[in-house]
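Have a look at work06.tsv; it's TSV, C-alpha atoms:
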chain	number	residue	atom	x	y	z
A	1	MET	CA	23.04	-51.52	-19.26
A	2	LYS	CA	22.05	-49.37	-16.29
A	3	LEU	CA	22.90	-45.69	-15.84
A	4	ALA	CA	22.84	-43.55	-12.71
A	5	ILE	CA	22.58	-39.77	-12.89
A	6	ILE	CA	24.09	-38.43	-9.68
A	7	ILE	CA	23.12	-34.95	-8.49
A	8	PRO	CA	24.80	-33.61	-5.36
A	9	ALA	CA	22.52	-30.92	-3.91
A	10	TYR	CA	22.83	-28.46	-1.07
A	11	ASN	CA	19.99	-25.96	-0.62
A	12	GLU	CA	18.91	-26.22	-4.26
A	13	GLU	CA	15.13	-25.89	-3.89
A	14	LYS	CA	15.01	-23.20	-6.59
A	15	THR	CA	16.45	-25.29	-9.41
A	16	LEU	CA	16.34	-28.96	-8.42
A	17	LYS	CA	12.81	-29.66	-9.65
A	18	SER	CA	13.48	-28.35	-13.16
A	19	VAL	CA	16.83	-30.17	-13.28
A	20	LEU	CA	15.18	-33.47	-12.34
A	21	LEU	CA	12.28	-32.98	-14.76
A	22	SER	CA	14.66	-32.21	-17.60
A	23	LEU	CA	16.63	-35.44	-17.22
A	24	PRO	CA	16.25	-37.92	-20.10
A	25	LYS	CA	14.10	-40.90	-19.15
A	26	LYS	CA	15.52	-43.12	-21.86
A	27	ILE	CA	18.99	-43.16	-23.33
A	28	ASP	CA	20.15	-45.25	-26.27
A	29	GLY	CA	22.32	-48.09	-25.11
A	30	PHE	CA	20.93	-48.04	-21.58
A	31	SER	CA	17.94	-50.12	-20.56
A	32	LYS	CA	17.45	-48.30	-17.28
A	33	VAL	CA	18.18	-44.73	-16.15
A	34	VAL	CA	17.98	-43.85	-12.47
A	35	SER	CA	18.46	-40.49	-10.81
A	36	ILE	CA	20.22	-40.26	-7.46
A	37	VAL	CA	20.05	-37.00	-5.54
A	38	VAL	CA	22.49	-36.65	-2.69
A	39	ASN	CA	20.88	-34.18	-0.32
A	40	ASP	CA	23.96	-32.78	1.42
A	41	GLY	CA	22.37	-31.64	4.69
A	42	SER	CA	20.14	-29.04	3.05
A	43	GLU	CA	18.12	-26.73	5.27
A	44	ASP	CA	15.50	-25.85	2.63
A	45	LYS	CA	13.01	-28.01	0.67
A	46	THR	CA	15.68	-29.86	-1.33
A	47	TRP	CA	14.85	-33.19	0.32
A	48	SER	CA	11.09	-33.07	-0.34
A	49	ILE	CA	11.63	-31.99	-3.97
A	50	ALA	CA	14.18	-34.76	-4.49
A	51	ASN	CA	11.88	-37.23	-2.81
A	52	SER	CA	9.08	-36.35	-5.26
A	53	TYR	CA	11.07	-36.33	-8.50
A	54	ALA	CA	14.19	-38.49	-8.10
A	55	ASN	CA	14.45	-42.27	-8.04
A	56	TYR	CA	16.75	-42.30	-5.03
A	57	VAL	CA	17.49	-39.69	-2.38
A	58	LEU	CA	20.57	-40.21	-0.25
A	59	THR	CA	20.65	-37.82	2.66
A	60	HIS	CA	23.67	-36.52	4.51
A	61	VAL	CA	22.63	-35.75	8.07
A	62	ILE	CA	25.00	-32.78	8.06
A	63	ASN	CA	26.41	-30.62	5.27
A	64	MET	CA	29.74	-32.14	4.24
A	65	GLY	CA	30.59	-30.63	0.88
A	66	VAL	CA	30.23	-31.44	-2.78
A	67	GLY	CA	33.11	-33.94	-2.71
A	68	SER	CA	31.52	-36.03	0.01
A	69	ALA	CA	28.13	-35.84	-1.69
A	70	THR	CA	29.64	-37.03	-4.98
A	71	ILE	CA	31.38	-39.95	-3.25
A	72	THR	CA	28.11	-40.93	-1.54
A	73	GLY	CA	26.36	-40.79	-4.91
A	74	ILE	CA	29.05	-42.96	-6.51
A	75	GLU	CA	28.81	-45.48	-3.63
A	76	GLY	CA	25.04	-45.58	-4.07
A	77	ALA	CA	25.42	-46.12	-7.82
A	78	LYS	CA	27.88	-48.95	-7.22
A	79	MET	CA	25.43	-50.60	-4.81
A	80	LEU	CA	22.77	-50.41	-7.54
A	81	ASN	CA	25.26	-52.19	-9.79
A	82	VAL	CA	25.14	-49.61	-12.56
A	83	ASP	CA	27.23	-49.86	-15.73
A	84	ALA	CA	27.88	-46.13	-15.96
A	85	ALA	CA	27.25	-43.00	-13.94
A	86	ILE	CA	27.18	-39.30	-14.69
A	87	THR	CA	27.40	-36.40	-12.25
A	88	ILE	CA	25.62	-33.12	-12.93
A	89	ASP	CA	25.18	-29.94	-10.91
A	90	ALA	CA	21.87	-29.18	-9.21
A	91	ASP	CA	22.03	-25.44	-9.99
A	92	GLY	CA	20.78	-25.91	-13.53
A	93	GLN	CA	23.98	-24.86	-15.31
A	94	HIS	CA	24.23	-28.11	-17.28
A	95	HIS	CA	22.23	-28.85	-20.37
A	96	PRO	CA	20.47	-32.27	-20.15
A	97	LYS	CA	21.17	-32.97	-23.85
A	98	ASP	CA	24.88	-33.03	-23.02
A	99	ILE	CA	24.33	-36.17	-20.96
A	100	LEU	CA	24.03	-38.11	-24.21
A	101	LYS	CA	27.23	-36.53	-25.55
A	102	LEU	CA	29.17	-37.52	-22.47
A	103	LEU	CA	27.88	-41.08	-22.48
A	104	LYS	CA	28.83	-41.81	-26.09
A	105	PRO	CA	32.56	-42.43	-25.45
A	106	ILE	CA	31.62	-44.57	-22.44
A	107	SER	CA	29.14	-46.79	-24.30
A	108	LYS	CA	31.57	-47.11	-27.22
A	109	GLN	CA	34.24	-48.12	-24.66
A	110	LYS	CA	36.52	-45.34	-25.82
A	111	ALA	CA	36.82	-43.74	-22.39
A	112	ASP	CA	36.56	-44.51	-18.69
A	113	ILE	CA	36.02	-40.92	-17.61
A	114	VAL	CA	34.45	-38.23	-19.77
A	115	ILE	CA	34.74	-34.61	-18.69
A	116	GLY	CA	32.17	-32.11	-19.88
A	117	THR	CA	34.35	-29.16	-20.81
A	118	ARG	CA	32.78	-25.72	-20.52
A	119	SER	CA	33.61	-23.01	-22.99
A	120	PHE	CA	35.59	-20.19	-21.43
A	121	LEU	CA	35.25	-17.92	-24.41
A	122	LYS	CA	31.62	-17.05	-23.79
A	123	LYS	CA	30.92	-13.49	-22.74
A	124	ASP	CA	28.62	-14.46	-19.89
A	125	MET	CA	31.34	-16.51	-18.19
A	126	PRO	CA	32.49	-14.38	-15.23
A	127	ILE	CA	36.18	-13.38	-15.57
A	128	ILE	CA	36.88	-14.38	-11.97
A	129	LYS	CA	35.64	-17.89	-12.78
A	130	ILE	CA	37.87	-18.05	-15.86
A	131	ILE	CA	40.94	-17.11	-13.82
A	132	GLY	CA	39.95	-19.45	-10.99
A	133	ASN	CA	39.42	-22.34	-13.37
A	134	TRP	CA	42.72	-21.77	-15.15
A	135	LEU	CA	44.47	-21.64	-11.77
A	136	MET	CA	42.87	-24.92	-10.74
A	137	ASN	CA	43.88	-26.54	-14.04
A	138	LEU	CA	47.44	-25.46	-13.33
A	139	LEU	CA	47.36	-26.78	-9.74
A	140	THR	CA	45.93	-30.07	-10.98
A	141	LEU	CA	48.77	-30.30	-13.51
A	142	ILE	CA	51.40	-29.52	-10.86
A	143	ILE	CA	50.06	-32.00	-8.31
A	144	PHE	CA	48.85	-34.84	-10.54
A	145	GLN	CA	50.88	-34.20	-13.73
A	146	LYS	CA	47.78	-34.30	-15.90
A	147	TRP	CA	46.40	-31.41	-17.92
A	148	VAL	CA	42.71	-31.09	-18.69
A	149	SER	CA	41.10	-27.94	-20.01
A	150	ASP	CA	38.28	-27.87	-17.43
A	151	SER	CA	39.40	-29.72	-14.33
A	152	GLN	CA	36.60	-28.19	-12.22
A	153	SER	CA	33.65	-29.26	-14.35
A	154	GLY	CA	30.84	-30.83	-12.34
A	155	MET	CA	29.61	-32.79	-15.35
A	156	LYS	CA	31.53	-36.03	-15.63
A	157	ALA	CA	30.65	-39.50	-16.83
A	158	PHE	CA	32.22	-42.67	-15.50
A	159	SER	CA	32.39	-46.21	-16.80
A	160	LYS	CA	31.88	-49.16	-14.44
A	161	LYS	CA	35.64	-49.73	-14.52
A	162	ALA	CA	36.26	-46.16	-13.35
A	163	LEU	CA	33.59	-46.40	-10.63
A	164	ASP	CA	35.15	-49.58	-9.28
A	165	LYS	CA	38.76	-48.46	-9.50
A	166	MET	CA	38.58	-44.91	-8.14
A	167	LYS	CA	39.27	-44.45	-4.42
A	168	LEU	CA	38.21	-40.92	-3.59
A	169	ASP	CA	38.90	-39.07	-0.34
A	170	SER	CA	37.75	-35.51	-1.01
A	171	ILE	CA	35.32	-33.58	1.10
A	172	GLY	CA	34.81	-30.39	-0.92
A	173	TYR	CA	35.53	-28.98	-4.35
A	174	GLU	CA	38.94	-30.67	-4.52
A	175	ILE	CA	37.08	-33.78	-5.74
A	176	CYS	CA	37.22	-32.48	-9.32
A	177	SER	CA	41.01	-32.47	-9.33
A	178	GLU	CA	41.24	-35.68	-7.32
A	179	ILE	CA	39.24	-37.50	-10.01
A	180	ILE	CA	41.83	-36.36	-12.58
A	181	GLY	CA	44.59	-37.61	-10.26
A	182	GLU	CA	42.83	-40.94	-9.85
A	183	ALA	CA	42.42	-41.27	-13.61
A	184	LYS	CA	46.16	-40.76	-14.00
A	185	SER	CA	47.24	-43.16	-11.24
A	186	ARG	CA	44.70	-45.86	-12.14
A	187	LYS	CA	45.48	-45.55	-15.85
A	188	LEU	CA	41.89	-44.68	-16.73
A	189	LYS	CA	41.28	-43.18	-20.13
A	190	VAL	CA	40.04	-39.59	-19.98
A	191	VAL	CA	38.18	-37.88	-22.82
A	192	GLU	CA	37.01	-34.27	-22.88
A	193	VAL	CA	33.73	-33.36	-24.56
A	194	PRO	CA	32.60	-29.74	-25.01
A	195	ILE	CA	29.34	-28.91	-23.24
A	196	LYS	CA	26.98	-25.95	-23.08
A	197	THR	CA	26.60	-24.07	-19.83
A	198	ILE	CA	23.60	-22.08	-18.77
A	199	TYR	CA	24.76	-19.14	-16.68
A	200	THR	CA	22.09	-17.51	-14.60
A	201	GLU	CA	22.63	-15.11	-11.70
A	202	TYR	CA	21.79	-18.07	-9.47
A	203	SER	CA	24.36	-20.45	-10.96
A	204	LYS	CA	26.99	-17.70	-11.06
A	205	ALA	CA	26.57	-17.13	-7.33
A	206	LYS	CA	27.00	-20.84	-6.67
A	207	GLY	CA	30.21	-22.81	-7.08
A	208	GLN	CA	33.64	-22.13	-5.75
A	209	SER	CA	35.42	-18.84	-5.34
A	210	ILE	CA	38.99	-18.07	-6.39
A	211	VAL	CA	39.92	-17.61	-2.69
A	212	ASN	CA	39.05	-21.27	-2.23
A	213	ALA	CA	41.99	-22.21	-4.48
A	214	ILE	CA	44.45	-22.09	-1.55
A	215	ASN	CA	42.23	-24.35	0.51
A	216	ILE	CA	41.83	-26.77	-2.41
A	217	PHE	CA	45.58	-26.73	-3.06
A	218	THR	CA	46.32	-27.67	0.58
A	219	LYS	CA	43.75	-30.46	0.52
A	220	LEU	CA	45.02	-31.81	-2.80
A	221	LEU	CA	48.56	-31.84	-1.44
A	222	THR	CA	47.35	-33.77	1.61
A	223	ILE	CA	45.57	-36.26	-0.65
A	224	LYS	CA	48.68	-36.63	-2.81
A	225	ILE	CA	51.03	-37.03	0.18
A	226	SER	CA	48.77	-39.44	2.06
A	227	ASN	CA	48.14	-41.48	-1.08
A	228	LYS	CA	47.66	-44.94	0.37
A	229	LYS	CA	46.50	-46.63	-2.76
B	1	MET	CA	56.81	-2.27	11.46
B	2	ILE	CA	56.99	-2.76	15.23
B	3	ILE	CA	53.88	-0.61	15.74
B	4	PHE	CA	52.11	-2.56	13.00
B	5	SER	CA	52.91	-5.91	14.64
B	6	LYS	CA	51.68	-4.55	18.00
B	7	ILE	CA	48.39	-3.41	16.46
B	8	LEU	CA	48.05	-6.74	14.66
B	9	ALA	CA	48.64	-8.71	17.88
B	10	VAL	CA	46.03	-6.65	19.76
B	11	PHE	CA	43.59	-6.99	16.87
B	12	LEU	CA	44.06	-10.78	16.69
B	13	ALA	CA	43.71	-11.04	20.48
B	14	PHE	CA	40.47	-9.06	20.31
B	15	LEU	CA	39.24	-11.30	17.49
B	16	VAL	CA	40.03	-14.57	19.28
B	17	ILE	CA	38.68	-13.44	22.66
B	18	SER	CA	35.44	-12.07	21.20
B	19	LYS	CA	34.93	-15.27	19.15
B	20	SER	CA	35.62	-17.39	22.20
B	21	PHE	CA	33.21	-15.27	24.27
B	22	TYR	CA	30.54	-15.60	21.57
B	23	ASP	CA	30.97	-19.40	21.53
B	24	PHE	CA	30.87	-19.46	25.34
B	25	ARG	CA	27.60	-17.49	25.38
B	26	LYS	CA	26.13	-19.81	22.75
B	27	LYS	CA	27.20	-22.72	24.98
B	28	ARG	CA	29.41	-24.11	22.24
B	29	GLU	CA	32.46	-23.67	24.46
B	30	GLY	CA	33.00	-24.38	28.16
B	31	LEU	CA	34.12	-21.83	30.78
B	32	PHE	CA	37.57	-23.43	31.08
B	33	VAL	CA	38.26	-23.24	27.33
B	34	PHE	CA	37.01	-19.63	27.21
B	35	LEU	CA	39.25	-18.61	30.16
B	36	PHE	CA	42.24	-20.47	28.68
B	37	TRP	CA	42.07	-18.63	25.35
B	38	THR	CA	41.33	-15.29	27.01
B	39	ILE	CA	44.34	-15.53	29.34
B	40	ALA	CA	46.59	-16.90	26.58
B	41	TRP	CA	45.72	-14.12	24.13
B	42	LEU	CA	45.86	-11.39	26.76
B	43	PHE	CA	49.39	-12.63	27.50
B	44	ILE	CA	50.30	-12.65	23.79
B	45	ALA	CA	48.97	-9.10	23.37
B	46	TYR	CA	50.84	-7.96	26.50
B	47	VAL	CA	54.12	-9.46	25.26
B	48	ALA	CA	53.59	-7.80	21.88
B	49	ILE	CA	53.05	-4.40	23.51
B	50	LYS	CA	55.76	-4.78	26.16
B	51	PRO	CA	58.41	-7.13	24.78
B	52	GLY	CA	60.58	-6.30	27.80
B	53	LEU	CA	58.99	-9.30	29.49
B	54	PHE	CA	60.46	-11.46	26.78
B	55	TYR	CA	64.01	-10.13	27.41
B	56	LYS	CA	63.61	-10.73	31.15
B	57	LEU	CA	62.67	-14.33	30.41
B	58	ILE	CA	65.72	-14.77	28.16
B	59	ASN	CA	68.01	-13.11	30.72
B	60	SER	CA	66.74	-15.47	33.37
B	61	MET	CA	68.03	-18.30	31.16
B	62	ALA	CA	71.39	-16.55	30.71
B	63	SER	CA	73.25	-19.40	32.35
B	64	GLU	CA	72.31	-21.54	29.35
B	65	ASN	CA	73.64	-18.88	26.97
B	66	ILE	CA	70.42	-18.66	24.98
B	67	GLY	CA	69.90	-15.88	22.44
B	68	ILE	CA	66.70	-14.35	21.14
B	69	GLY	CA	67.15	-16.11	17.78
B	70	THR	CA	67.39	-19.51	19.45
B	71	PHE	CA	64.34	-18.69	21.55
B	72	ILE	CA	62.26	-17.74	18.51
B	73	GLY	CA	63.56	-20.80	16.66
B	74	ILE	CA	62.42	-23.13	19.43
B	75	ALA	CA	59.04	-21.37	19.53
B	76	PHE	CA	58.65	-21.84	15.76
B	77	VAL	CA	59.47	-25.54	15.91
B	78	PHE	CA	56.96	-26.00	18.73
B	79	LEU	CA	54.24	-24.02	16.96
B	80	PHE	CA	54.74	-25.85	13.65
B	81	TYR	CA	54.58	-29.19	15.42
B	82	VAL	CA	51.33	-28.24	17.17
B	83	THR	CA	49.87	-26.94	13.88
B	84	TYR	CA	50.90	-30.15	12.11
B	85	ARG	CA	49.30	-32.35	14.78
B	86	ILE	CA	46.06	-30.34	14.72
B	87	TYR	CA	45.96	-30.45	10.92
B	88	VAL	CA	46.50	-34.21	10.77
B	89	LYS	CA	43.92	-34.86	13.48
B	90	ALA	CA	41.32	-32.54	11.89
B	91	ASN	CA	41.87	-34.19	8.52
B	92	ARG	CA	41.47	-37.66	9.98
B	93	LEU	CA	38.31	-36.63	11.84
B	94	GLU	CA	36.88	-35.08	8.67
B	95	ILE	CA	37.38	-38.35	6.76
B	96	GLN	CA	35.87	-40.39	9.61
B	97	ILE	CA	32.83	-38.09	9.78
B	98	ARG	CA	32.44	-38.40	6.00
B	99	GLU	CA	32.47	-42.20	6.27
B	100	ILE	CA	29.74	-42.13	8.94
B	101	VAL	CA	27.61	-39.62	7.01
B	102	MET	CA	28.00	-41.66	3.82
B	103	LYS	CA	27.04	-44.93	5.54
B	104	ILE	CA	23.87	-43.30	6.88
B	105	GLY	CA	23.23	-41.78	3.43
B	106	VAL	CA	23.32	-45.03	1.47
B	107	LYS	CA	21.15	-46.85	4.02
B	108	ASP	CA	18.02	-46.44	1.88
B	109	ILE	CA	19.62	-48.18	-1.09
B	110	GLU	CA	21.02	-50.88	1.20
B	111	GLU	CA	17.56	-51.58	2.63
B	112	GLU	CA	16.02	-51.68	-0.83
B	113	ILE	CA	18.58	-54.24	-1.98
B	114	LYS	CA	17.94	-56.30	1.16
B	115	ASN	CA	14.17	-56.21	0.58
B	116	ARG	CA	14.61	-57.33	-3.02
B	117	LYS	CA	16.55	-60.38	-1.83

Represent the supplied structure as structure tokens.
Amino acid sequence: MKLAIIIPAYNEEKTLKSVLLSLPKKIDGFSKVVSIVVNDGSEDKTWSIANSYANYVLTHVINMGVGSATITGIEGAKMLNVDAAITIDADGQHHPKDILKLLKPISKQKADIVIGTRSFLKKDMPIIKIIGNWLMNLLTLIIFQKWVSDSQSGMKAFSKKALDKMKLDSIGYEICSEIIGEAKSRKLKVVEVPIKTIYTEYSKAKGQSIVNAINIFTKLLTIKISNKK
Amino acid sequence: MIIFSKILAVFLAFLVISKSFYDFRKKREGLFVFLFWTIAWLFIAYVAIKPGLFYKLINSMASENIGIGTFIGIAFVFLFYVTYRIYVKANRLEIQIREIVMKIGVKDIEEEIKNRK
């Protein structure tokens, strides 16, 4: 069994090294673990850091957005013929130990997609992010008729079946909701697993803003309307 | 309300013209495009300040018995169509660019697989 850890990164020189060094080298049930950094047109030292510490660096010649970077990572993982893949953020907000938690339902064949659900009860979670996340959960439910408690989580694990079946079109942050939509339309089993989040001033400043919700909503509607699958 | 819409029109015209001028200076926009947007938005601002021009235009079409409501309706249909076309085209271009960027991105893995064979 081969696992790919996909890390989309845009100007993440401050955190990428520690994220890559913290990744587990061996995971029970997987004979090989490879890290794939998708350098999304970064203007800082992201590429050279990734080149030193990751197994594969896929570079976007221009900055496209986290959705595009995730799709490139998934395509790369499929080319490497992996049996499972997991996406994590490059800003250091995800705990590497949670990778094992997310992979359990996949290796036990109990899920095709596992979502790492963040806790929204923690005091250090910014209120604006809580509202924004709830709003996105609601939009995801309205557009794709599927409720998940953290639709915007960047930490997700995928089985080989999910990797092969999903046809993603997103460019930006709408990818998170599109994956939920794909799971619903492709009849992929989704499981939610609680994860820890490490909120630093850096990771709080990153991510999407609530204003972006309108943009995401429009893009999701376009995806839903132009569904050619 | 009328004063507000006049101020808004002038403000938007100023915004568009200054952005267009900035792009022209940075050589991201040609002279023709810059002049087109400048003239178009100066006209929009003028019509907003002096809507009399609008009435003259409608009166000149009096033989066709056209009212201001019909005129605005036609303008809306036209504008929505143009917006729709631009949106569809931009969306298509975005997806095509993503495909190109992705193909370049996965080249390293592709080459590694080829070398292994």

**Q.** Among listed residues B:Ile104, B:Ala90, B:Lys114, B:Lys26, nearest chain A (using all atoms listed in the file)
**A.** B:Ile104

Q. Can you find the residues with an atom no farther than 7 Å from (41.2, -31.3, 1.5), counting all atoms listed in the file, and report them as a VMD selection string?
A. chain A and resid 170 to 172 174 216 218 to 220 222 to 223

For Ile99 (chain A), please output as a PDB file with C-alpha atoms, in the frame of the given file all residues within 12 Å (counting all atoms listed in the file; exclusion window: fewer than 2 positions along the same chain).
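Everything below was put into around-v5.pdb:
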ATOM      1  CA  LEU A   3      22.900 -45.690 -15.840  1.00  0.00           C
ATOM      2  CA  ALA A   4      22.840 -43.550 -12.710  1.00  0.00           C
ATOM      3  CA  ILE A   5      22.580 -39.770 -12.890  1.00  0.00           C
ATOM      4  CA  ILE A   6      24.090 -38.430  -9.680  1.00  0.00           C
ATOM      5  CA  SER A  22      14.660 -32.210 -17.600  1.00  0.00           C
ATOM      6  CA  LEU A  23      16.630 -35.440 -17.220  1.00  0.00           C
ATOM      7  CA  PRO A  24      16.250 -37.920 -20.100  1.00  0.00           C
ATOM      8  CA  LYS A  25      14.100 -40.900 -19.150  1.00  0.00           C
ATOM      9  CA  LYS A  26      15.520 -43.120 -21.860  1.00  0.00           C
ATOM     10  CA  ILE A  27      18.990 -43.160 -23.330  1.00  0.00           C
ATOM     11  CA  ASP A  28      20.150 -45.250 -26.270  1.00  0.00           C
ATOM     12  CA  VAL A  33      18.180 -44.730 -16.150  1.00  0.00           C
ATOM     13  CA  ALA A  84      27.880 -46.130 -15.960  1.00  0.00           C
ATOM     14  CA  ALA A  85      27.250 -43.000 -13.940  1.00  0.00           C
ATOM     15  CA  ILE A  86      27.180 -39.300 -14.690  1.00  0.00           C
ATOM     16  CA  THR A  87      27.400 -36.400 -12.250  1.00  0.00           C
ATOM     17  CA  ILE A  88      25.620 -33.120 -12.930  1.00  0.00           C
ATOM     18  CA  ASP A  89      25.180 -29.940 -10.910  1.00  0.00           C
ATOM     19  CA  HIS A  94      24.230 -28.110 -17.280  1.00  0.00           C
ATOM     20  CA  HIS A  95      22.230 -28.850 -20.370  1.00  0.00           C
ATOM     21  CA  PRO A  96      20.470 -32.270 -20.150  1.00  0.00           C
ATOM     22  CA  LYS A  97      21.170 -32.970 -23.850  1.00  0.00           C
ATOM     23  CA  LYS A 101      27.230 -36.530 -25.550  1.00  0.00           C
ATOM     24  CA  LEU A 102      29.170 -37.520 -22.470  1.00  0.00           C
ATOM     25  CA  LEU A 103      27.880 -41.080 -22.480  1.00  0.00           C
ATOM     26  CA  LYS A 104      28.830 -41.810 -26.090  1.00  0.00           C
ATOM     27  CA  PRO A 105      32.560 -42.430 -25.450  1.00  0.00           C
ATOM     28  CA  ILE A 106      31.620 -44.570 -22.440  1.00  0.00           C
ATOM     29  CA  VAL A 114      34.450 -38.230 -19.770  1.00  0.00           C
ATOM     30  CA  ILE A 115      34.740 -34.610 -18.690  1.00  0.00           C
ATOM     31  CA  GLY A 116      32.170 -32.110 -19.880  1.00  0.00           C
ATOM     32  CA  MET A 155      29.610 -32.790 -15.350  1.00  0.00           C
ATOM     33  CA  LYS A 156      31.530 -36.030 -15.630  1.00  0.00           C
ATOM     34  CA  ALA A 157      30.650 -39.500 -16.830  1.00  0.00           C
ATOM     35  CA  PHE A 158      32.220 -42.670 -15.500  1.00  0.00           C
ATOM     36  CA  VAL A 193      33.730 -33.360 -24.560  1.00  0.00           C
ATOM     37  CA  PRO A 194      32.600 -29.740 -25.010  1.00  0.00           C
ATOM     38  CA  ILE A 195      29.340 -28.910 -23.240  1.00  0.00           C
ATOM     39  CA  LYS A 196      26.980 -25.950 -23.080  1.00  0.00           C
TER      40      LYS A 196
END

**Q.** Distance filter 7 Å, all atoms listed in the file, chain A against chain B, as a PyMOL selection string
**A.** chain A and resi 58-61+68+72+76

(Q) Residues within 12 Å of Ile142 (chain A), please, as a list of chain:residue names. Count only C-alpha atoms; anything in the same chain fewer than 4 positions from it doesn't count. (A) A:Leu135, A:Met136, A:Asn137, A:Leu138, A:Lys146, A:Trp147, A:Val148, A:Ser177, A:Ile180, A:Gly181, A:Phe217, A:Leu220, A:Leu221, A:Lys224

Would you save the residues of that selection, restricted to C-alpha atoms, as a PDB file, in the coordinates of the input?
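Generated output (result.pdb):
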ATOM      1  CA  LEU A 135      44.470 -21.640 -11.770  1.00  0.00           C
ATOM      2  CA  MET A 136      42.870 -24.920 -10.740  1.00  0.00           C
ATOM      3  CA  ASN A 137      43.880 -26.540 -14.040  1.00  0.00           C
ATOM      4  CA  LEU A 138      47.440 -25.460 -13.330  1.00  0.00           C
ATOM      5  CA  LYS A 146      47.780 -34.300 -15.900  1.00  0.00           C
ATOM      6  CA  TRP A 147      46.400 -31.410 -17.920  1.00  0.00           C
ATOM      7  CA  VAL A 148      42.710 -31.090 -18.690  1.00  0.00           C
ATOM      8  CA  SER A 177      41.010 -32.470  -9.330  1.00  0.00           C
ATOM      9  CA  ILE A 180      41.830 -36.360 -12.580  1.00  0.00           C
ATOM     10  CA  GLY A 181      44.590 -37.610 -10.260  1.00  0.00           C
ATOM     11  CA  PHE A 217      45.580 -26.730  -3.060  1.00  0.00           C
ATOM     12  CA  LEU A 220      45.020 -31.810  -2.800  1.00  0.00           C
ATOM     13  CA  LEU A 221      48.560 -31.840  -1.440  1.00  0.00           C
ATOM     14  CA  LYS A 224      48.680 -36.630  -2.810  1.00  0.00           C
TER      15      LYS A 224
END

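Proximity ranking of A:Ser159, A:Lys184, A:Met1, A:Val38 relative to Lys110 (chain A) places A:Ser159 first, based on all atoms listed in the file.
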
Q: Would you mind listing what lies within 6 Å of Ile49 (chain B) as an MDAnalysis selection string, with only C-alpha atoms counted and same-chain residues fewer than 2 positions away left out?
A: chainID B and resid 6 46:47

Q | Coordinates-based distance that separates CA of Phe36 (chain B) from CA of Ala9 (chain B) (Å, one decimal) | A |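 Computing the Euclidean distance for CA of Ala9 (chain B) and CA of Phe36 (chain B) yields 17.2 Å.
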
Spatial sel., origin (15.7, -26.6, -2.2), limit 12 Å, all atoms listed in the file, listed as an mmCIF file with C-alpha atoms, in the coordinates of the input:
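What ended up in point-v3.cif:
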data_model
loop_
_atom_site.group_PDB
_atom_site.id
_atom_site.type_symbol
_atom_site.label_atom_id
_atom_site.label_comp_id
_atom_site.auth_asym_id
_atom_site.auth_seq_id
_atom_site.Cartn_x
_atom_site.Cartn_y
_atom_site.Cartn_z
ATOM 1 C CA PRO A 8 24.800 -33.610 -5.360
ATOM 2 C CA ALA A 9 22.520 -30.920 -3.910
ATOM 3 C CA TYR A 10 22.830 -28.460 -1.070
ATOM 4 C CA ASN A 11 19.990 -25.960 -0.620
ATOM 5 C CA GLU A 12 18.910 -26.220 -4.260
ATOM 6 C CA GLU A 13 15.130 -25.890 -3.890
ATOM 7 C CA LYS A 14 15.010 -23.200 -6.590
ATOM 8 C CA THR A 15 16.450 -25.290 -9.410
ATOM 9 C CA LEU A 16 16.340 -28.960 -8.420
ATOM 10 C CA LYS A 17 12.810 -29.660 -9.650
ATOM 11 C CA SER A 18 13.480 -28.350 -13.160
ATOM 12 C CA VAL A 19 16.830 -30.170 -13.280
ATOM 13 C CA VAL A 37 20.050 -37.000 -5.540
ATOM 14 C CA ASN A 39 20.880 -34.180 -0.320
ATOM 15 C CA ASP A 40 23.960 -32.780 1.420
ATOM 16 C CA GLY A 41 22.370 -31.640 4.690
ATOM 17 C CA SER A 42 20.140 -29.040 3.050
ATOM 18 C CA GLU A 43 18.120 -26.730 5.270
ATOM 19 C CA ASP A 44 15.500 -25.850 2.630
ATOM 20 C CA LYS A 45 13.010 -28.010 0.670
ATOM 21 C CA THR A 46 15.680 -29.860 -1.330
ATOM 22 C CA TRP A 47 14.850 -33.190 0.320
ATOM 23 C CA SER A 48 11.090 -33.070 -0.340
ATOM 24 C CA ILE A 49 11.630 -31.990 -3.970
ATOM 25 C CA ALA A 50 14.180 -34.760 -4.490
ATOM 26 C CA ASN A 51 11.880 -37.230 -2.810
ATOM 27 C CA ALA A 90 21.870 -29.180 -9.210
ATOM 28 C CA ASP A 91 22.030 -25.440 -9.990
#

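Between CA of Gly73 (chain A) and CA of Tyr199 (chain A) the separation is 24.7 Å.
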
Would you output region 55-59 of chain B from that structure, restricted to N, CA and C atoms, as a PDB file, in the first residue's frame?
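As written to disk, selection_39.pdb reads:
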ATOM      1  N   TYR B  55     -33.539  61.529 -22.488  1.00  0.00           N
ATOM      2  CA  TYR B  55     -34.912  61.847 -22.944  1.00  0.00           C
ATOM      3  C   TYR B  55     -34.908  62.245 -24.423  1.00  0.00           C
ATOM      4  N   LYS B  56     -33.867  63.003 -24.808  1.00  0.00           N
ATOM      5  CA  LYS B  56     -33.771  63.431 -26.215  1.00  0.00           C
ATOM      6  C   LYS B  56     -33.681  62.211 -27.119  1.00  0.00           C
ATOM      7  N   LEU B  57     -32.884  61.239 -26.661  1.00  0.00           N
ATOM      8  CA  LEU B  57     -32.686  60.004 -27.426  1.00  0.00           C
ATOM      9  C   LEU B  57     -34.011  59.249 -27.561  1.00  0.00           C
ATOM     10  N   ILE B  58     -34.761  59.197 -26.461  1.00  0.00           N
ATOM     11  CA  ILE B  58     -36.054  58.489 -26.479  1.00  0.00           C
ATOM     12  C   ILE B  58     -37.046  59.235 -27.372  1.00  0.00           C
ATOM     13  N   ASN B  59     -37.051  60.575 -27.259  1.00  0.00           N
ATOM     14  CA  ASN B  59     -37.957  61.372 -28.083  1.00  0.00           C
ATOM     15  C   ASN B  59     -37.666  61.208 -29.563  1.00  0.00           C
TER      16      ASN B  59
END
